[in-house]
Structure formats: structure tokens, C-alpha cells
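Have a look at the structure below, then the notes.
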Number of protein chains: 2
Amino acid sequence: MMNSKYLKIYNLIKTKIENGELKPNTKLSSENELVKEYNVSRETIRKTLNLLVQNGYIQKMRGKGSFVLDINKFDFPVSGLISFKELAEKMGTRSETIVNELELMEADDFLVKHLEVQEDDLVWKVIRTRKIGNEKIILDKDFFNKIFVPSLTKEICEDSIYEYIENTLNLEIGFAKKEITIEPSSEEDEEHLDLGKYDMVVVVKNYVYLSDTSLFQYTESRHRPDKFRFVDFARRR
Amino acid sequence: MMNSKYLKIYNLIKTKIENGELKPNTKLSSENELVKEYNVSRETIRKTLNLLVQNGYIQKMRGKGSFVLDINKFDFPVSGLISFKELAEKMGTRSETIVNELELMEADDFLVKHLEVQEDDLVWKVIRTRKIGNEKIILDKDFFNKIFVPSLTKEICEDSIYEYIENTLNLEIGFAKKEITIEPSSEEDEEHLDLGKYDMVVVVKNYVYLSDTSLFQYTESRHRPDKFRFVDFARRR
DNA sequence: AAGTGGTCTAGACCACTTT
DNA sequence: AAGTGGTCTAGACCACTTG
């Protein structure tokens, strides 16, 4: 629900921090002040502040107050779940997507293993090259269970598949498991990427689950090593 | 506070899930049932469950209930903040640490930039090689601000510096910023690691902050590419 | 209709920091 | 002593899924 009070207040404060309206290392209003300011209960303000803590915007200190953290905002989008298009937009880089392959196929052993489908179930296969500043840097191999994504077009793939999934199909993404490894480059990599002297690629495997816990997508994102960068903000759990 | 009710209940349920006492894809007791079971209020149970959601143990569904997720527990420790020693112990691999260098030095430009210290401030420099199954795989370069870590010995470095920091010095770690990139191997890498044919290393840069937001450690962890693996569980924020 | 999780409230007590 | 965040409660209403 986006009409919840705590989410609205969260977005207000988050925007103020990103704008610089609230400056790094300064003290936020206390919980009791925010209660008056926004006319809500303290537990609601605390929900808001805990979200800001979780996402690296503030740090709370008992007896002292909440303080705005100084995190370079451009570092953030790379972390967590985010699509190539969203990322490129936030970074402000020129980028282009080439759809190399788009087909409906019957699941083979590889997909039975990685997409939890039955043999011969129908699966969308999408292979795309991502260009950044005129160089082919990333090869994205996406596989979608057809049960969840009935149709797919070249136009959708050139834009953002995620946007289509969330806004048009109204599927809700719950969580994802990501794995980063380094592998020797394949013939396919060499065919679709400008690898130059590099003979290895950074492989980011992504298993994406809907909020009803069904696995609906497996993605392999293969990056030229020199252009790869992964940034993460972590709190001790 | 470890004596909080919600944390105790969290650890109880977490352990049951890790044990297999609560099986993947089964339904957890409802919030109202847990309220009776543990004799606490519903908001306290909800705090517990939200922690389990955050850390990938369960998924909640409105109107349906909470469900145990099937996450291979060995995948987890690699994510977030965890030390080499904790990691090796959880994975059950034989490992060994060689301390190559341990010295107190005056901060140079590099440290002024990465550790937010003044020029000539004293900084502990620790260079360690990590052996896994008899091969030198990881080179760890750690830098600690002496203000926070007054003394350091070879014995501590061979064990776990983190354990020393948290249990002996009683410093509380708040959060960390991690960056993963691929770089050409340096002479230092070649000297201390069994790189074989590889001429690149995976570099994990870690900026570790205390809970009062002061930066107290900068670490570079340099891995042989074939043995590197980073796993992450992410929820859409 | 009954049960589930999601949000919100008002009030209480505690531990810690500052004045 | 006053102010801060941390925990906990009992109760309310809502939206959603199931019988």
C-alpha cells in the first residue's frame, strides 16, 4: 500500500536527504518532534525512521538522536534489485539495448534446474546486448516462465521488461537471490560483446521470485570485467 | 539489547528453520497463534516476523499467512558483513591465515582519502594471506585508525580481528559500504598469492563504520578469480 | 463469515546522553 | 532533570484470501 502514512513520510524525508535539503552529519528532528510535525503516532514515525536506517539514509543513536549519513547517492542504485534501464537512467549514461534473440522455447535440462519448470514447459528466452557509450559491455540472458509472462515483444525487450512486468502484468516481485562469479568468456560472449583483450567475464546470476514465492525468472548478466562495479550497503544483521 | 523479547523469539524461529524443524514451503503459525504461544503482544510478534522476512527466512502473504522459504543456508554467510574466519567456520573448509605485514604507519595520501584520517595520523596496516585447502587464494589488506584500535598483535591477526574488536575492545559496528571490481593483478598480489595463469584479481573494498558513524576501517580483499563467489539475498526496497 | 496480515494509535516503562 | 531512542502493550480498523 503506497497510501500508508509511514511510506509517505519516508519518501518525503528520503527526498530531502537526496536533495541535500537535509545535510549529511546533521541531526534529524527527534521522534517526538516528528510526531507533532506530521501529526501521527510515535510508532508510525519509528517505522519511517527504521526504513531510512535500513536503506542507509540515517543512523540512530540512543539518547542522542538520528543523524543523516553521507552516502554518495550515485553509489546506491547499483545495489539490490534494479534493472539495467533504471540504472542507466539514474547514472545519466547514454545506453542502448540490442535484442539478439527472442523466442519461446521448450525447457531443457538447464532450465529445469534453474527455473524450477517441468521438461517441455514453455519458457521465454531473451538475449540482449547492452551498449554503454558505443561499446557492447553487457550480455543479458533472461528466461521467463511462460505461465507468468504469456506474451513478450521485441519492443518490450528494448524498453524495460521489468516495467512491463510490474505495471502491465501487475506481477509483484518479492525477492531475489544474486550470485556473482568470474568465468572464462564463452563463444557467445565473444560474438555479442566488445571484449577486446579480456578472456573472462563477470557473471551475475539472478533468481527472481514473486511475492507468492514462485520463481518466475532466471537471468545471467555477463559483464566485461573492466566495466563491472557492484556497490552494496550492509548492516550487521 | 539481546534481552528483548522479539529478538529472542526471532532466534528461536530462525534456529527452527535452519534445523529443518520448520520445513520449507510450510505455513508458520499465524500471528494470533504466535501471540498466544509466546505470551506477547501482536506488535512484538510482528517485529519478529519482519526480521525473518528481511533476512530471507520467511515470506508473508496478506490473508494467507507466513511461509518458510527454501534458502540453502550455506549460501547465506557470504552476504553482508562477515569475516573470513566466521565464513570459513560456517563453510567447514580448512583454512589458514599468514600474517605478511603488521605495522603502525603514518597516514599517506591513500589513507587520508580512504580512511578519513589526517596526514601523519597513526594507522595500523595488516597484510594477510588466506589459504584455503593449501592454496593462497585471498590477500587481505586492512587499515585501522589507531584512535579506535590502540594495539594489535600477530596473534590477534592470525585469529579474528573482528572478534577482538567486538568482544575485547567493545566497539559496535554499525554499517559498511562494499564495492566489488575486477583489476589487473599487482606485483604484491603475485608475491603473496598462488595466481597461476590468472592476471586479474577480484577486489572487494570495504569501508566499515562504527555505530557512531565514524569510519574506523578500510579493507581491500583481493581474490583469485576462480575461487571468488558472492551471494546476496535482496528484497525490493 | 471467519481468519489472515497491514496500518495506526495512545500510553507506558526503560536505558542512555546531555545539561 | 529533561530529552533521546528502544521495547512492549491492548485495542482498533482495514484489505485480502478462504470456506
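In the C-alpha cells, each chain is lettered A, B, ... as it comes, each chain's residues begin at 1, and ligands are numbered from 1 in order of appearance.
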
Nearby residues (only C-alpha atoms (C1' of nucleotides)) at most 10 Å from D:DT18, same-chain spacing under 2 positions excluded, as number ranges by chain: B: 63-64; C: 2-4; D: 16

Using N, CA and C atoms (P, O5', C5', C4', C3', O3' and C1' of nucleotides), can you export the residues from the last selection as a tab-separated table (two decimals), in the first residue's frame?
chain	number	residue	atom	x	y	z
B	63	GLY	N	-3.65	-12.20	4.14
B	63	GLY	CA	-4.82	-13.06	4.07
B	63	GLY	C	-4.50	-14.54	4.11
B	64	LYS	N	-3.22	-14.88	3.82
B	64	LYS	CA	-2.85	-16.30	3.76
B	64	LYS	C	-2.04	-16.75	4.98
C	2	DA	P	-18.62	-15.53	12.03
C	2	DA	O5'	-17.16	-16.08	11.76
C	2	DA	C5'	-16.99	-17.38	11.16
C	2	DA	C4'	-15.52	-17.60	10.85
C	2	DA	C3'	-14.59	-17.05	11.93
C	2	DA	O3'	-13.51	-17.98	12.11
C	2	DA	C1'	-14.03	-16.09	9.87
C	3	DG	P	-12.40	-17.73	13.21
C	3	DG	O5'	-11.10	-17.48	12.34
C	3	DG	C5'	-10.73	-18.44	11.35
C	3	DG	C4'	-9.62	-17.86	10.51
C	3	DG	C3'	-8.51	-17.19	11.33
C	3	DG	O3'	-7.25	-17.72	10.97
C	3	DG	C1'	-9.22	-15.79	9.58
C	4	DT	P	-5.92	-17.20	11.72
C	4	DT	O5'	-5.20	-16.28	10.65
C	4	DT	C5'	-4.65	-16.86	9.46
C	4	DT	C4'	-4.30	-15.75	8.52
C	4	DT	C3'	-3.35	-14.72	9.10
C	4	DT	O3'	-2.02	-15.10	8.89
C	4	DT	C1'	-5.11	-13.69	7.86
D	16	DC	P	-7.30	-4.98	-1.23
D	16	DC	O5'	-7.01	-6.52	-0.99
D	16	DC	C5'	-5.71	-6.92	-0.55
D	16	DC	C4'	-5.83	-8.30	0.04
D	16	DC	C3'	-6.45	-9.35	-0.90
D	16	DC	O3'	-5.43	-10.25	-1.28
D	16	DC	C1'	-7.28	-9.52	1.33

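Every chain C residue lying within 8 Å of chain A, based on only C-alpha atoms (C1' of nucleotides), is listed here: DT7, DC8, DT9, DA10, DC16 and DT17 of chain C.
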
Pull the closest atom pair for each residue of chain D that gets at most 12 Å from chain A, along with the distance in Å to one decimal, counting only C-alpha atoms (C1' of nucleotides), ordering rows by chain and then ascending residue number, as CSV.
residue,atom,partner,partner_atom,distance
D:DA2,C1',A:Gly63,CA,11.3
D:DG3,C1',A:Gly63,CA,7.6
D:DT4,C1',A:Gly63,CA,3.9
D:DG5,C1',A:Arg62,CA,4.5
D:DG6,C1',A:Arg62,CA,7.8
D:DT7,C1',A:Glu43,CA,11.1
D:DC8,C1',A:Glu43,CA,11.4
D:DC14,C1',A:Met1,CA,11.4
D:DA15,C1',A:Met1,CA,9.8

Using only C-alpha atoms (C1' of nucleotides), which residues sit within 7 Å of B:Gln59 once same-chain residues fewer than 3 positions away are excluded, as a ChimeraX atom specification? /B:53,66-69

Find the residues of chain B in contact range of chain A, meaning any atom within 8 Å when counting only C-alpha atoms, and list them as a count of residues only. 32

Using DSSP on the backbone, list every residue of stretch 40-227 of chain A that comes out as helix (DSSP H, G or I), and give them as a PDB file with N, CA and C atoms, in the first residue's frame.
ATOM      1  N   ARG A  42       3.859   7.950  17.475  1.00  0.00           N
ATOM      2  CA  ARG A  42       5.303   7.735  17.504  1.00  0.00           C
ATOM      3  C   ARG A  42       5.699   6.448  16.797  1.00  0.00           C
ATOM      4  N   GLU A  43       4.918   5.387  16.956  1.00  0.00           N
ATOM      5  CA  GLU A  43       5.250   4.118  16.297  1.00  0.00           C
ATOM      6  C   GLU A  43       5.280   4.274  14.780  1.00  0.00           C
ATOM      7  N   THR A  44       4.429   5.126  14.259  1.00  0.00           N
ATOM      8  CA  THR A  44       4.432   5.365  12.807  1.00  0.00           C
ATOM      9  C   THR A  44       5.716   6.069  12.385  1.00  0.00           C
ATOM     10  N   ILE A  45       6.121   7.084  13.138  1.00  0.00           N
ATOM     11  CA  ILE A  45       7.399   7.754  12.868  1.00  0.00           C
ATOM     12  C   ILE A  45       8.546   6.761  12.984  1.00  0.00           C
ATOM     13  N   ARG A  46       8.470   5.877  13.961  1.00  0.00           N
ATOM     14  CA  ARG A  46       9.548   4.909  14.137  1.00  0.00           C
ATOM     15  C   ARG A  46       9.633   3.946  12.959  1.00  0.00           C
ATOM     16  N   LYS A  47       8.492   3.574  12.391  1.00  0.00           N
ATOM     17  CA  LYS A  47       8.508   2.734  11.187  1.00  0.00           C
ATOM     18  C   LYS A  47       9.229   3.451  10.055  1.00  0.00           C
ATOM     19  N   THR A  48       8.903   4.726   9.891  1.00  0.00           N
ATOM     20  CA  THR A  48       9.561   5.560   8.883  1.00  0.00           C
ATOM     21  C   THR A  48      11.074   5.578   9.084  1.00  0.00           C
ATOM     22  N   LEU A  49      11.497   5.906  10.293  1.00  0.00           N
ATOM     23  CA  LEU A  49      12.924   6.050  10.576  1.00  0.00           C
ATOM     24  C   LEU A  49      13.658   4.724  10.405  1.00  0.00           C
ATOM     25  N   ASN A  50      13.015   3.629  10.786  1.00  0.00           N
ATOM     26  CA  ASN A  50      13.668   2.331  10.630  1.00  0.00           C
ATOM     27  C   ASN A  50      13.904   1.994   9.160  1.00  0.00           C
ATOM     28  N   LEU A  51      12.988   2.395   8.302  1.00  0.00           N
ATOM     29  CA  LEU A  51      13.190   2.205   6.863  1.00  0.00           C
ATOM     30  C   LEU A  51      14.391   3.017   6.391  1.00  0.00           C
ATOM     31  N   LEU A  52      14.501   4.248   6.875  1.00  0.00           N
ATOM     32  CA  LEU A  52      15.629   5.098   6.493  1.00  0.00           C
ATOM     33  C   LEU A  52      16.946   4.511   6.991  1.00  0.00           C
ATOM     34  N   VAL A  53      16.925   3.921   8.174  1.00  0.00           N
ATOM     35  CA  VAL A  53      18.121   3.263   8.716  1.00  0.00           C
ATOM     36  C   VAL A  53      18.517   2.094   7.826  1.00  0.00           C
ATOM     37  N   GLN A  54      17.539   1.253   7.533  1.00  0.00           N
ATOM     38  CA  GLN A  54      17.757   0.059   6.719  1.00  0.00           C
ATOM     39  C   GLN A  54      18.390   0.379   5.373  1.00  0.00           C
ATOM     40  N   LYS A  73      25.061   9.387  -3.419  1.00  0.00           N
ATOM     41  CA  LYS A  73      23.815   8.803  -3.912  1.00  0.00           C
ATOM     42  C   LYS A  73      24.011   8.021  -5.204  1.00  0.00           C
ATOM     43  N   PHE A  74      25.090   8.309  -5.942  1.00  0.00           N
ATOM     44  CA  PHE A  74      25.297   7.574  -7.197  1.00  0.00           C
ATOM     45  C   PHE A  74      25.797   6.156  -6.957  1.00  0.00           C
ATOM     46  N   ASP A  75      26.219   5.903  -5.758  1.00  0.00           N
ATOM     47  CA  ASP A  75      26.681   4.555  -5.445  1.00  0.00           C
ATOM     48  C   ASP A  75      25.503   3.608  -5.253  1.00  0.00           C
ATOM     49  N   PHE A  76      24.379   4.162  -4.887  1.00  0.00           N
ATOM     50  CA  PHE A  76      23.304   3.317  -4.423  1.00  0.00           C
ATOM     51  C   PHE A  76      22.591   2.456  -5.439  1.00  0.00           C
ATOM     52  N   PRO A  77      22.229   3.047  -6.577  1.00  0.00           N
ATOM     53  CA  PRO A  77      21.358   2.296  -7.486  1.00  0.00           C
ATOM     54  C   PRO A  77      21.924   0.943  -7.891  1.00  0.00           C
ATOM     55  N   VAL A  78      23.238   0.783  -7.772  1.00  0.00           N
ATOM     56  CA  VAL A  78      23.850  -0.465  -8.228  1.00  0.00           C
ATOM     57  C   VAL A  78      23.472  -1.627  -7.312  1.00  0.00           C
ATOM     58  N   PHE A  84      18.557  -2.782 -15.716  1.00  0.00           N
ATOM     59  CA  PHE A  84      19.549  -2.040 -16.482  1.00  0.00           C
ATOM     60  C   PHE A  84      19.043  -0.662 -16.871  1.00  0.00           C
ATOM     61  N   LYS A  85      17.779  -0.587 -17.275  1.00  0.00           N
ATOM     62  CA  LYS A  85      17.247   0.693 -17.736  1.00  0.00           C
ATOM     63  C   LYS A  85      17.156   1.712 -16.598  1.00  0.00           C
ATOM     64  N   GLU A  86      16.626   1.259 -15.456  1.00  0.00           N
ATOM     65  CA  GLU A  86      16.565   2.133 -14.292  1.00  0.00           C
ATOM     66  C   GLU A  86      17.961   2.635 -13.930  1.00  0.00           C
ATOM     67  N   LEU A  87      18.905   1.705 -13.958  1.00  0.00           N
ATOM     68  CA  LEU A  87      20.285   2.020 -13.594  1.00  0.00           C
ATOM     69  C   LEU A  87      20.868   3.065 -14.529  1.00  0.00           C
ATOM     70  N   ALA A  88      20.747   2.828 -15.837  1.00  0.00           N
ATOM     71  CA  ALA A  88      21.299   3.740 -16.827  1.00  0.00           C
ATOM     72  C   ALA A  88      20.689   5.131 -16.658  1.00  0.00           C
ATOM     73  N   GLU A  89      19.388   5.177 -16.370  1.00  0.00           N
ATOM     74  CA  GLU A  89      18.717   6.467 -16.205  1.00  0.00           C
ATOM     75  C   GLU A  89      19.245   7.220 -14.999  1.00  0.00           C
ATOM     76  N   LYS A  90      19.428   6.503 -13.902  1.00  0.00           N
ATOM     77  CA  LYS A  90      19.915   7.165 -12.692  1.00  0.00           C
ATOM     78  C   LYS A  90      21.347   7.648 -12.856  1.00  0.00           C
ATOM     79  N   MET A  91      22.143   6.847 -13.553  1.00  0.00           N
ATOM     80  CA  MET A  91      23.536   7.211 -13.734  1.00  0.00           C
ATOM     81  C   MET A  91      23.683   8.307 -14.798  1.00  0.00           C
ATOM     82  N   ASP A 109      17.247 -29.269 -19.842  1.00  0.00           N
ATOM     83  CA  ASP A 109      17.769 -29.601 -18.509  1.00  0.00           C
ATOM     84  C   ASP A 109      18.200 -28.365 -17.722  1.00  0.00           C
ATOM     85  N   PHE A 110      18.895 -27.466 -18.428  1.00  0.00           N
ATOM     86  CA  PHE A 110      19.404 -26.255 -17.789  1.00  0.00           C
ATOM     87  C   PHE A 110      18.274 -25.464 -17.126  1.00  0.00           C
ATOM     88  N   LEU A 111      17.161 -25.338 -17.860  1.00  0.00           N
ATOM     89  CA  LEU A 111      16.051 -24.548 -17.322  1.00  0.00           C
ATOM     90  C   LEU A 111      15.262 -25.301 -16.256  1.00  0.00           C
ATOM     91  N   VAL A 112      15.175 -26.602 -16.403  1.00  0.00           N
ATOM     92  CA  VAL A 112      14.521 -27.401 -15.368  1.00  0.00           C
ATOM     93  C   VAL A 112      15.241 -27.164 -14.039  1.00  0.00           C
ATOM     94  N   LYS A 113      16.557 -27.071 -14.143  1.00  0.00           N
ATOM     95  CA  LYS A 113      17.356 -26.882 -12.943  1.00  0.00           C
ATOM     96  C   LYS A 113      17.267 -25.447 -12.392  1.00  0.00           C
ATOM     97  N   HIS A 114      17.363 -24.471 -13.271  1.00  0.00           N
ATOM     98  CA  HIS A 114      17.469 -23.089 -12.812  1.00  0.00           C
ATOM     99  C   HIS A 114      16.143 -22.348 -12.717  1.00  0.00           C
ATOM    100  N   LYS A 154       9.522  -7.641 -29.120  1.00  0.00           N
ATOM    101  CA  LYS A 154      10.828  -7.001 -29.281  1.00  0.00           C
ATOM    102  C   LYS A 154      10.800  -5.600 -28.655  1.00  0.00           C
ATOM    103  N   GLU A 155       9.691  -4.906 -28.810  1.00  0.00           N
ATOM    104  CA  GLU A 155       9.583  -3.535 -28.289  1.00  0.00           C
ATOM    105  C   GLU A 155       9.713  -3.530 -26.768  1.00  0.00           C
ATOM    106  N   ILE A 156       9.021  -4.477 -26.117  1.00  0.00           N
ATOM    107  CA  ILE A 156       9.101  -4.556 -24.659  1.00  0.00           C
ATOM    108  C   ILE A 156      10.535  -4.825 -24.218  1.00  0.00           C
ATOM    109  N   CYS A 157      11.208  -5.733 -24.941  1.00  0.00           N
ATOM    110  CA  CYS A 157      12.570  -6.093 -24.568  1.00  0.00           C
ATOM    111  C   CYS A 157      13.551  -4.938 -24.762  1.00  0.00           C
ATOM    112  N   GLU A 158      13.262  -4.077 -25.742  1.00  0.00           N
ATOM    113  CA  GLU A 158      14.146  -2.926 -25.973  1.00  0.00           C
ATOM    114  C   GLU A 158      13.929  -1.866 -24.904  1.00  0.00           C
ATOM    115  N   ILE A 161      11.794  -4.702 -19.478  1.00  0.00           N
ATOM    116  CA  ILE A 161      10.900  -5.824 -19.208  1.00  0.00           C
ATOM    117  C   ILE A 161      10.296  -5.696 -17.822  1.00  0.00           C
ATOM    118  N   TYR A 162      11.079  -5.149 -16.884  1.00  0.00           N
ATOM    119  CA  TYR A 162      10.588  -5.018 -15.514  1.00  0.00           C
ATOM    120  C   TYR A 162       9.400  -4.093 -15.411  1.00  0.00           C
ATOM    121  N   GLU A 163       9.483  -2.990 -16.155  1.00  0.00           N
ATOM    122  CA  GLU A 163       8.385  -2.044 -16.155  1.00  0.00           C
ATOM    123  C   GLU A 163       7.119  -2.752 -16.636  1.00  0.00           C
ATOM    124  N   TYR A 164       7.264  -3.502 -17.723  1.00  0.00           N
ATOM    125  CA  TYR A 164       6.145  -4.256 -18.290  1.00  0.00           C
ATOM    126  C   TYR A 164       5.579  -5.236 -17.273  1.00  0.00           C
ATOM    127  N   ILE A 165       6.444  -5.949 -16.609  1.00  0.00           N
ATOM    128  CA  ILE A 165       6.014  -6.965 -15.639  1.00  0.00           C
ATOM    129  C   ILE A 165       5.271  -6.340 -14.464  1.00  0.00           C
ATOM    130  N   GLU A 166       5.834  -5.251 -13.933  1.00  0.00           N
ATOM    131  CA  GLU A 166       5.238  -4.659 -12.738  1.00  0.00           C
ATOM    132  C   GLU A 166       4.022  -3.799 -13.065  1.00  0.00           C
ATOM    133  N   ASN A 167       4.091  -3.031 -14.141  1.00  0.00           N
ATOM    134  CA  ASN A 167       2.999  -2.092 -14.412  1.00  0.00           C
ATOM    135  C   ASN A 167       1.910  -2.672 -15.306  1.00  0.00           C
ATOM    136  N   THR A 168       2.286  -3.481 -16.299  1.00  0.00           N
ATOM    137  CA  THR A 168       1.263  -4.004 -17.208  1.00  0.00           C
ATOM    138  C   THR A 168       0.732  -5.358 -16.749  1.00  0.00           C
ATOM    139  N   GLU A 187      31.945 -18.506 -26.390  1.00  0.00           N
ATOM    140  CA  GLU A 187      31.866 -18.041 -27.779  1.00  0.00           C
ATOM    141  C   GLU A 187      30.755 -17.025 -27.931  1.00  0.00           C
ATOM    142  N   GLU A 188      29.666 -17.274 -27.227  1.00  0.00           N
ATOM    143  CA  GLU A 188      28.524 -16.354 -27.283  1.00  0.00           C
ATOM    144  C   GLU A 188      28.912 -14.960 -26.775  1.00  0.00           C
ATOM    145  N   ASP A 189      29.681 -14.923 -25.673  1.00  0.00           N
ATOM    146  CA  ASP A 189      30.158 -13.637 -25.166  1.00  0.00           C
ATOM    147  C   ASP A 189      30.965 -12.916 -26.236  1.00  0.00           C
ATOM    148  N   GLU A 190      31.885 -13.662 -26.838  1.00  0.00           N
ATOM    149  CA  GLU A 190      32.786 -13.038 -27.824  1.00  0.00           C
ATOM    150  C   GLU A 190      32.022 -12.548 -29.048  1.00  0.00           C
ATOM    151  N   GLU A 191      30.942 -13.282 -29.370  1.00  0.00           N
ATOM    152  CA  GLU A 191      30.136 -12.880 -30.526  1.00  0.00           C
ATOM    153  C   GLU A 191      29.390 -11.573 -30.267  1.00  0.00           C
ATOM    154  N   HIS A 192      28.859 -11.434 -29.059  1.00  0.00           N
ATOM    155  CA  HIS A 192      27.949 -10.306 -28.813  1.00  0.00           C
ATOM    156  C   HIS A 192      28.575  -9.122 -28.077  1.00  0.00           C
ATOM    157  N   PRO A 225      34.956  -7.296 -17.699  1.00  0.00           N
ATOM    158  CA  PRO A 225      35.487  -7.083 -16.347  1.00  0.00           C
ATOM    159  C   PRO A 225      35.810  -5.631 -16.010  1.00  0.00           C
ATOM    160  N   ASP A 226      36.378  -4.890 -16.961  1.00  0.00           N
ATOM    161  CA  ASP A 226      36.835  -3.537 -16.618  1.00  0.00           C
ATOM    162  C   ASP A 226      35.693  -2.567 -16.361  1.00  0.00           C
ATOM    163  N   LYS A 227      34.486  -2.925 -16.838  1.00  0.00           N
ATOM    164  CA  LYS A 227      33.363  -2.006 -16.660  1.00  0.00           C
ATOM    165  C   LYS A 227      32.436  -2.449 -15.529  1.00  0.00           C
TER     166      LYS A 227
END

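One distance worth recording is that between atom CA of B:Ile132 and atom CA of B:Arg94, which is 6.1 Å.
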
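Listed by chain and then by rising number, the residues of stretch 15-126 of chain A that DSSP assigns to strand (DSSP E) from the backbone are A:Ile58, A:Gln59, A:Lys60, A:Met61, A:Gly65, A:Ser66, A:Phe67, A:Val68, A:Ser95, A:Glu96, A:Thr97, A:Ile98, A:Val99, A:Asn100, A:Glu101, A:Leu102, A:Glu103, A:Leu104, A:Met105, A:Glu106, A:Leu122, A:Val123, A:Trp124, A:Lys125, A:Val126.
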
Using only C-alpha atoms (C1' of nucleotides), which residues sit within 12 Å of B:Thr153 once same-chain residues fewer than 5 positions away are excluded, as number ranges by chain? B: 99, 101-104, 124-126, 158-161, 164
